[in-house]
Amino acid sequence: MSDVMFKKGADIAEVRGVVGHEMGHYVHQHIFLQLGVFSVLSLVLFVLVDRLFPAFVRLFGARVTGVDDPAGLPILFAIIGTLSLIALPITNTISREVESDADRFSLEHAHEPDGLAKALVKTADYRAPTPSDLEEFIFYDHPSVGRRVRRAMEWKAAHPDLVGKK
């Protein structure tokens with residue numbers, strides 16, 4: 001729940017939709033899933049940095065004695081930055097899947113597709129609501145607002161008898 005949501009006059013359906021989403025994160029223990037996955041990715045990153053560091057030192061002709069030499073920090077940061085940029089679509093995909101799962105939980109338990117959609121539309125001020133598929137894949141750590149609203153409306157159409165039921 002954000003201050004933006006309340007500044008724009010959130011109604012009870014929006015609150016239920018967003019709380020349902022956040023409850024989805026809790027019930028499905030997304031924090032532990034992400035902690036595990038990102039820990040493994042971090043280990044892979046550190047192994048790759050260790051393996052790539054000597055090659056980059058030679059490539060740049062740096063006078064560095066090893067990865068523990070402070071003079072090698074610019075090379076270390078360049079390697080970490082490059083690998084992080086390469087991993088961005090992977091980490092963003094994991095995050096988008098978790099967010100989509102939380103949206104599904106909200107729809108299935110809070111039954112407020114209109115509330116969830118209205119709350120999501122209020123976040124469109126700080127990101128493009130309908131980016132290209134490639135832009136969303138590379139840069140978005142949440143599904144786009146347009147995609148999330150469409151899914152909520154598809155759920156509403158498939159479950160008209162559940163909408164608004166507690």
# chains A, B, ... in the order shown; residues from 1 in each chain; ligands from 1
$ residues_around --residues "region 23-36 of chain A" --least-positions-apart "3" --cutoff "12 Å" --atoms "only C-alpha atoms" --output "CSV table (one decimal) with N, CA and C atoms, in the first residue's frame"
chain,number,residue,atom,x,y,z
A,1,MET,N,0.9,-1.1,0.0
A,1,MET,CA,0.0,0.0,0.0
A,1,MET,C,0.9,1.2,0.0
A,15,VAL,N,-8.3,-1.1,-1.4
A,15,VAL,CA,-7.5,-1.5,-0.2
A,15,VAL,C,-7.6,-3.1,-0.1
A,16,ARG,N,-8.8,-3.6,-0.4
A,16,ARG,CA,-8.9,-5.1,-0.3
A,16,ARG,C,-8.0,-5.8,-1.4
A,17,GLY,N,-8.1,-5.2,-2.6
A,17,GLY,CA,-7.3,-5.7,-3.7
A,17,GLY,C,-5.8,-5.7,-3.4
A,18,VAL,N,-5.3,-4.6,-2.9
A,18,VAL,CA,-3.9,-4.5,-2.6
A,18,VAL,C,-3.5,-5.3,-1.4
A,19,VAL,N,-4.3,-5.3,-0.3
A,19,VAL,CA,-4.0,-6.2,0.8
A,19,VAL,C,-4.0,-7.6,0.4
A,20,GLY,N,-5.0,-8.0,-0.5
A,20,GLY,CA,-5.0,-9.4,-1.0
A,20,GLY,C,-3.7,-9.7,-1.7
A,39,SER,N,20.3,-15.6,-3.7
A,39,SER,CA,21.5,-16.0,-3.0
A,39,SER,C,22.3,-16.9,-4.0
A,40,VAL,N,21.6,-17.8,-4.7
A,40,VAL,CA,22.3,-18.6,-5.6
A,40,VAL,C,22.9,-17.8,-6.8
A,41,LEU,N,22.1,-16.8,-7.2
A,41,LEU,CA,22.6,-15.9,-8.3
A,41,LEU,C,23.8,-15.1,-7.8
A,42,SER,N,23.8,-14.7,-6.6
A,42,SER,CA,25.0,-14.0,-6.0
A,42,SER,C,26.2,-14.8,-6.0
A,43,LEU,N,26.0,-16.1,-5.6
A,43,LEU,CA,27.2,-17.0,-5.5
A,43,LEU,C,27.7,-17.2,-6.9
A,91,THR,N,16.6,-11.7,-13.2
A,91,THR,CA,16.1,-11.3,-11.9
A,91,THR,C,14.8,-10.6,-12.0
A,92,ASN,N,14.6,-9.8,-13.1
A,92,ASN,CA,13.3,-9.2,-13.3
A,92,ASN,C,12.2,-10.2,-13.6
A,93,THR,N,12.5,-11.2,-14.4
A,93,THR,CA,11.5,-12.3,-14.7
A,93,THR,C,11.1,-13.0,-13.4
A,94,ILE,N,12.0,-13.3,-12.5
A,94,ILE,CA,11.7,-13.9,-11.3
A,94,ILE,C,10.7,-13.0,-10.5
A,95,SER,N,11.1,-11.8,-10.4
A,95,SER,CA,10.3,-10.8,-9.7
A,95,SER,C,8.9,-10.6,-10.3
A,96,ARG,N,8.8,-10.6,-11.6
A,96,ARG,CA,7.5,-10.5,-12.3
A,96,ARG,C,6.6,-11.7,-12.0
A,97,GLU,N,7.2,-12.9,-12.0
A,97,GLU,CA,6.5,-14.1,-11.7
A,97,GLU,C,5.9,-14.1,-10.3
A,98,VAL,N,6.7,-13.6,-9.3
A,98,VAL,CA,6.2,-13.5,-7.9
A,98,VAL,C,5.1,-12.5,-7.8
A,99,GLU,N,5.2,-11.4,-8.5
A,99,GLU,CA,4.2,-10.3,-8.5
A,99,GLU,C,2.9,-10.8,-9.1
A,100,SER,N,3.0,-11.6,-10.2
A,100,SER,CA,1.8,-12.1,-10.9
A,100,SER,C,1.1,-13.1,-10.0
A,101,ASP,N,1.9,-13.9,-9.3
A,101,ASP,CA,1.4,-14.9,-8.3
A,101,ASP,C,0.6,-14.2,-7.2
A,102,ALA,N,1.2,-13.1,-6.7
A,102,ALA,CA,0.5,-12.3,-5.7
A,102,ALA,C,-0.8,-11.7,-6.2
A,103,ASP,N,-0.8,-11.2,-7.4
A,103,ASP,CA,-2.0,-10.7,-8.1
A,103,ASP,C,-3.1,-11.8,-8.2
A,104,ARG,N,-2.7,-13.0,-8.6
A,104,ARG,CA,-3.6,-14.2,-8.7
A,104,ARG,C,-4.2,-14.5,-7.3
A,105,PHE,N,-3.4,-14.5,-6.3
A,105,PHE,CA,-3.9,-14.7,-4.9
A,105,PHE,C,-4.9,-13.7,-4.5
A,106,SER,N,-4.6,-12.4,-4.8
A,106,SER,CA,-5.6,-11.4,-4.5
A,106,SER,C,-6.9,-11.6,-5.2
A,107,LEU,N,-6.9,-11.9,-6.5
A,107,LEU,CA,-8.1,-12.1,-7.2
A,107,LEU,C,-8.9,-13.3,-6.7
A,108,GLU,N,-8.2,-14.4,-6.3
A,108,GLU,CA,-8.9,-15.6,-5.9
A,108,GLU,C,-9.4,-15.5,-4.5
A,109,HIS,N,-8.8,-14.6,-3.6
A,109,HIS,CA,-9.2,-14.6,-2.2
A,109,HIS,C,-9.9,-13.3,-1.8
A,110,ALA,N,-9.5,-12.1,-2.4
A,110,ALA,CA,-10.1,-10.9,-2.1
A,110,ALA,C,-11.3,-10.6,-3.0
$ residues_around --residues "Asp125 (chain A)" --least-positions-apart "2" --cutoff "12 Å" --atoms "only C-alpha atoms" --output "ChimeraX atom specification"
/A:4-5,8,119-123,127-129,145
$ residues_around --residues "Pro160 (chain A)" --least-positions-apart "4" --cutoff "12 Å" --atoms "only C-alpha atoms" --output "list in words"
Leu107, Glu108, His111, Glu112, Pro113, Asp114, Ala152, Met153, Glu154, Trp155, Lys156, Gly164 and Lys165 of chain A
$ write_last_selection --atoms "N, CA, C and O atoms" --output "mmCIF file, in the first residue's frame"
data_model
loop_
_atom_site.group_PDB
_atom_site.id
_atom_site.type_symbol
_atom_site.label_atom_id
_atom_site.label_comp_id
_atom_site.auth_asym_id
_atom_site.auth_seq_id
_atom_site.Cartn_x
_atom_site.Cartn_y
_atom_site.Cartn_z
ATOM 1 N N LEU A 107 -6.880 -11.899 -6.457
ATOM 2 C CA LEU A 107 -8.119 -12.109 -7.208
ATOM 3 C C LEU A 107 -8.895 -13.304 -6.673
ATOM 4 O O LEU A 107 -10.125 -13.243 -6.526
ATOM 5 N N GLU A 108 -8.194 -14.379 -6.343
ATOM 6 C CA GLU A 108 -8.850 -15.603 -5.892
ATOM 7 C C GLU A 108 -9.363 -15.519 -4.453
ATOM 8 O O GLU A 108 -10.272 -16.265 -4.083
ATOM 9 N N HIS A 111 -11.283 -11.205 -4.197
ATOM 10 C CA HIS A 111 -12.368 -11.067 -5.184
ATOM 11 C C HIS A 111 -12.640 -9.604 -5.556
ATOM 12 O O HIS A 111 -13.787 -9.211 -5.711
ATOM 13 N N GLU A 112 -11.588 -8.825 -5.681
ATOM 14 C CA GLU A 112 -11.743 -7.397 -6.007
ATOM 15 C C GLU A 112 -10.946 -7.026 -7.259
ATOM 16 O O GLU A 112 -9.994 -6.246 -7.207
ATOM 17 N N PRO A 113 -11.336 -7.575 -8.420
ATOM 18 C CA PRO A 113 -10.575 -7.242 -9.634
ATOM 19 C C PRO A 113 -10.621 -5.757 -9.977
ATOM 20 O O PRO A 113 -9.622 -5.189 -10.421
ATOM 21 N N ASP A 114 -11.779 -5.125 -9.754
ATOM 22 C CA ASP A 114 -11.883 -3.695 -10.059
ATOM 23 C C ASP A 114 -11.027 -2.875 -9.097
ATOM 24 O O ASP A 114 -10.353 -1.931 -9.502
ATOM 25 N N ALA A 152 -6.688 -8.927 -14.447
ATOM 26 C CA ALA A 152 -7.769 -8.744 -13.462
ATOM 27 C C ALA A 152 -9.133 -8.751 -14.147
ATOM 28 O O ALA A 152 -10.085 -9.365 -13.649
ATOM 29 N N MET A 153 -9.211 -8.113 -15.310
ATOM 30 C CA MET A 153 -10.493 -8.065 -16.025
ATOM 31 C C MET A 153 -10.833 -9.432 -16.632
ATOM 32 O O MET A 153 -12.005 -9.817 -16.705
ATOM 33 N N GLU A 154 -9.824 -10.169 -17.056
ATOM 34 C CA GLU A 154 -10.060 -11.534 -17.542
ATOM 35 C C GLU A 154 -10.566 -12.421 -16.406
ATOM 36 O O GLU A 154 -11.469 -13.231 -16.598
ATOM 37 N N TRP A 155 -10.004 -12.264 -15.217
ATOM 38 C CA TRP A 155 -10.463 -13.028 -14.061
ATOM 39 C C TRP A 155 -11.908 -12.653 -13.742
ATOM 40 O O TRP A 155 -12.737 -13.517 -13.468
ATOM 41 N N LYS A 156 -12.197 -11.365 -13.793
ATOM 42 C CA LYS A 156 -13.565 -10.879 -13.520
ATOM 43 C C LYS A 156 -14.559 -11.481 -14.502
ATOM 44 O O LYS A 156 -15.640 -11.935 -14.097
ATOM 45 N N GLY A 164 -16.507 -9.259 -5.671
ATOM 46 C CA GLY A 164 -17.003 -8.521 -4.514
ATOM 47 C C GLY A 164 -17.444 -9.386 -3.338
ATOM 48 O O GLY A 164 -17.800 -8.868 -2.290
ATOM 49 N N LYS A 165 -17.386 -10.711 -3.482
ATOM 50 C CA LYS A 165 -17.779 -11.601 -2.377
ATOM 51 C C LYS A 165 -16.652 -11.691 -1.374
ATOM 52 O O LYS A 165 -15.496 -11.722 -1.736
#
$ select_by_dssp --residues "region 47-145 of chain A" --states "helix (DSSP H, G or I)" --output "MDAnalysis selection string"
chainID A and resid 47:60 70:110 113:121 124:126 133:139 145
$ residues_around --residues "region 79-82 of chain A" --least-positions-apart "2" --cutoff "12 Å" --atoms "only C-alpha atoms" --output "PyMOL selection string"
chain A and resi 42+44-57+67+72-77+84-88
$ atom_distance --atom1 "CA of Leu116 (chain A)" --atom2 "CA of Tyr140 (chain A)"
19.0 Å
$ residues_around --residues "Phe137 (chain A)" --least-positions-apart "2" --cutoff "10 Å" --atoms "only C-alpha atoms" --output "list in words"
Leu88, Pro89, Ile90, Asn92, Thr93, Arg96, Pro131, Ser132, Asp133, Leu134, Glu135, Phe139, Tyr140, Asp141, His142, Pro143 and Ser144 of chain A
$ write_last_selection --atoms "all heavy atoms" --output "compact mmCIF listing (two decimals), in the first residue's frame"
# COMPACT_ATOMS: atom_id res chain seq x y z
N LEU A 88 20.01 -8.92 -15.35
CA LEU A 88 18.80 -8.13 -15.08
C LEU A 88 17.52 -8.77 -15.63
O LEU A 88 16.53 -8.87 -14.91
CB LEU A 88 18.98 -6.71 -15.60
CG LEU A 88 17.94 -5.70 -15.19
CD1 LEU A 88 17.92 -5.53 -13.67
CD2 LEU A 88 18.22 -4.36 -15.85
N PRO A 89 17.50 -9.23 -16.88
CA PRO A 89 16.26 -9.87 -17.36
C PRO A 89 15.88 -11.12 -16.55
O PRO A 89 14.70 -11.39 -16.35
CB PRO A 89 16.58 -10.23 -18.81
CG PRO A 89 17.67 -9.30 -19.21
CD PRO A 89 18.48 -9.09 -17.96
N ILE A 90 16.87 -11.84 -16.06
CA ILE A 90 16.59 -13.03 -15.26
C ILE A 90 15.99 -12.64 -13.92
O ILE A 90 14.94 -13.17 -13.51
CB ILE A 90 17.88 -13.86 -15.04
CG1 ILE A 90 18.42 -14.36 -16.37
CG2 ILE A 90 17.64 -15.02 -14.07
CD1 ILE A 90 19.85 -14.88 -16.31
N ASN A 92 14.57 -9.82 -13.09
CA ASN A 92 13.28 -9.17 -13.30
C ASN A 92 12.18 -10.18 -13.61
O ASN A 92 11.04 -10.03 -13.18
CB ASN A 92 13.37 -8.12 -14.41
CG ASN A 92 14.03 -6.84 -13.94
OD1 ASN A 92 14.22 -6.62 -12.75
ND2 ASN A 92 14.39 -6.00 -14.88
N THR A 93 12.51 -11.23 -14.37
CA THR A 93 11.52 -12.27 -14.67
C THR A 93 11.08 -12.97 -13.40
O THR A 93 9.88 -13.23 -13.20
CB THR A 93 12.08 -13.28 -15.69
OG1 THR A 93 12.37 -12.57 -16.91
CG2 THR A 93 11.10 -14.41 -15.96
N ARG A 96 8.80 -10.58 -11.60
CA ARG A 96 7.50 -10.47 -12.27
C ARG A 96 6.62 -11.68 -12.00
O ARG A 96 5.41 -11.56 -11.82
CB ARG A 96 7.68 -10.27 -13.78
CG ARG A 96 8.02 -8.86 -14.20
CD ARG A 96 7.88 -8.66 -15.70
NE ARG A 96 8.55 -9.69 -16.47
CZ ARG A 96 9.84 -9.67 -16.80
NH1 ARG A 96 10.60 -8.67 -16.43
NH2 ARG A 96 10.37 -10.64 -17.52
N PRO A 131 4.33 -1.05 -21.92
CA PRO A 131 5.60 -1.09 -22.66
C PRO A 131 5.58 -2.22 -23.67
O PRO A 131 4.71 -3.10 -23.63
CB PRO A 131 6.62 -1.37 -21.55
CG PRO A 131 5.85 -2.20 -20.57
CD PRO A 131 4.46 -1.63 -20.59
N SER A 132 6.56 -2.22 -24.55
CA SER A 132 6.70 -3.34 -25.48
C SER A 132 7.09 -4.58 -24.68
O SER A 132 7.58 -4.48 -23.55
CB SER A 132 7.78 -3.04 -26.53
OG SER A 132 9.06 -3.04 -25.91
N ASP A 133 6.88 -5.75 -25.25
CA ASP A 133 7.24 -6.99 -24.56
C ASP A 133 8.73 -7.03 -24.24
O ASP A 133 9.13 -7.46 -23.16
CB ASP A 133 6.86 -8.21 -25.40
CG ASP A 133 5.36 -8.44 -25.47
OD1 ASP A 133 4.63 -7.90 -24.61
OD2 ASP A 133 4.92 -9.16 -26.38
N LEU A 134 9.57 -6.55 -25.17
CA LEU A 134 11.01 -6.55 -24.95
C LEU A 134 11.38 -5.60 -23.81
O LEU A 134 12.18 -5.94 -22.93
CB LEU A 134 11.75 -6.16 -26.24
CG LEU A 134 13.27 -6.13 -26.13
CD1 LEU A 134 13.82 -7.52 -25.79
CD2 LEU A 134 13.87 -5.63 -27.44
N GLU A 135 10.80 -4.40 -23.81
CA GLU A 135 11.07 -3.43 -22.76
C GLU A 135 10.65 -3.98 -21.38
O GLU A 135 11.39 -3.86 -20.40
CB GLU A 135 10.31 -2.13 -23.05
CG GLU A 135 10.55 -1.03 -22.06
CD GLU A 135 9.75 0.22 -22.37
OE1 GLU A 135 8.94 0.23 -23.32
OE2 GLU A 135 9.93 1.21 -21.64
N PHE A 139 13.49 -4.49 -18.52
CA PHE A 139 13.55 -3.44 -17.52
C PHE A 139 12.53 -3.51 -16.38
O PHE A 139 12.72 -2.85 -15.37
CB PHE A 139 13.42 -2.07 -18.20
CG PHE A 139 14.51 -1.79 -19.18
CD1 PHE A 139 14.24 -1.71 -20.53
CD2 PHE A 139 15.82 -1.62 -18.75
CE1 PHE A 139 15.25 -1.45 -21.45
CE2 PHE A 139 16.84 -1.36 -19.66
CZ PHE A 139 16.56 -1.28 -21.00
N TYR A 140 11.46 -4.25 -16.54
CA TYR A 140 10.38 -4.21 -15.55
C TYR A 140 10.51 -5.34 -14.53
O TYR A 140 10.55 -6.50 -14.88
CB TYR A 140 9.02 -4.31 -16.24
CG TYR A 140 8.52 -3.01 -16.81
CD1 TYR A 140 9.28 -2.28 -17.71
CD2 TYR A 140 7.29 -2.51 -16.45
CE1 TYR A 140 8.83 -1.09 -18.24
CE2 TYR A 140 6.82 -1.31 -16.97
CZ TYR A 140 7.60 -0.60 -17.86
OH TYR A 140 7.15 0.59 -18.37
N ASP A 141 10.52 -4.97 -13.23
CA ASP A 141 10.55 -5.98 -12.19
C ASP A 141 9.14 -6.33 -11.69
O ASP A 141 8.98 -7.21 -10.85
CB ASP A 141 11.44 -5.55 -11.02
CG ASP A 141 10.98 -4.27 -10.35
OD1 ASP A 141 9.99 -3.66 -10.82
OD2 ASP A 141 11.60 -3.88 -9.36
N HIS A 142 8.14 -5.66 -12.21
CA HIS A 142 6.72 -5.99 -11.99
C HIS A 142 6.10 -6.11 -13.38
O HIS A 142 6.55 -5.46 -14.33
CB HIS A 142 6.00 -4.87 -11.25
CG HIS A 142 6.28 -4.82 -9.78
ND1 HIS A 142 7.55 -4.66 -9.27
CD2 HIS A 142 5.45 -4.91 -8.72
CE1 HIS A 142 7.49 -4.65 -7.95
NE2 HIS A 142 6.23 -4.80 -7.59
N PRO A 143 5.06 -6.93 -13.51
CA PRO A 143 4.35 -6.93 -14.80
C PRO A 143 3.84 -5.51 -15.06
O PRO A 143 3.55 -4.76 -14.13
CB PRO A 143 3.19 -7.89 -14.58
CG PRO A 143 3.58 -8.73 -13.41
CD PRO A 143 4.45 -7.86 -12.55
N SER A 144 3.70 -5.16 -16.32
CA SER A 144 3.21 -3.82 -16.63
C SER A 144 1.80 -3.63 -16.10
O SER A 144 1.04 -4.60 -15.92
CB SER A 144 3.22 -3.59 -18.15
OG SER A 144 2.25 -4.41 -18.77
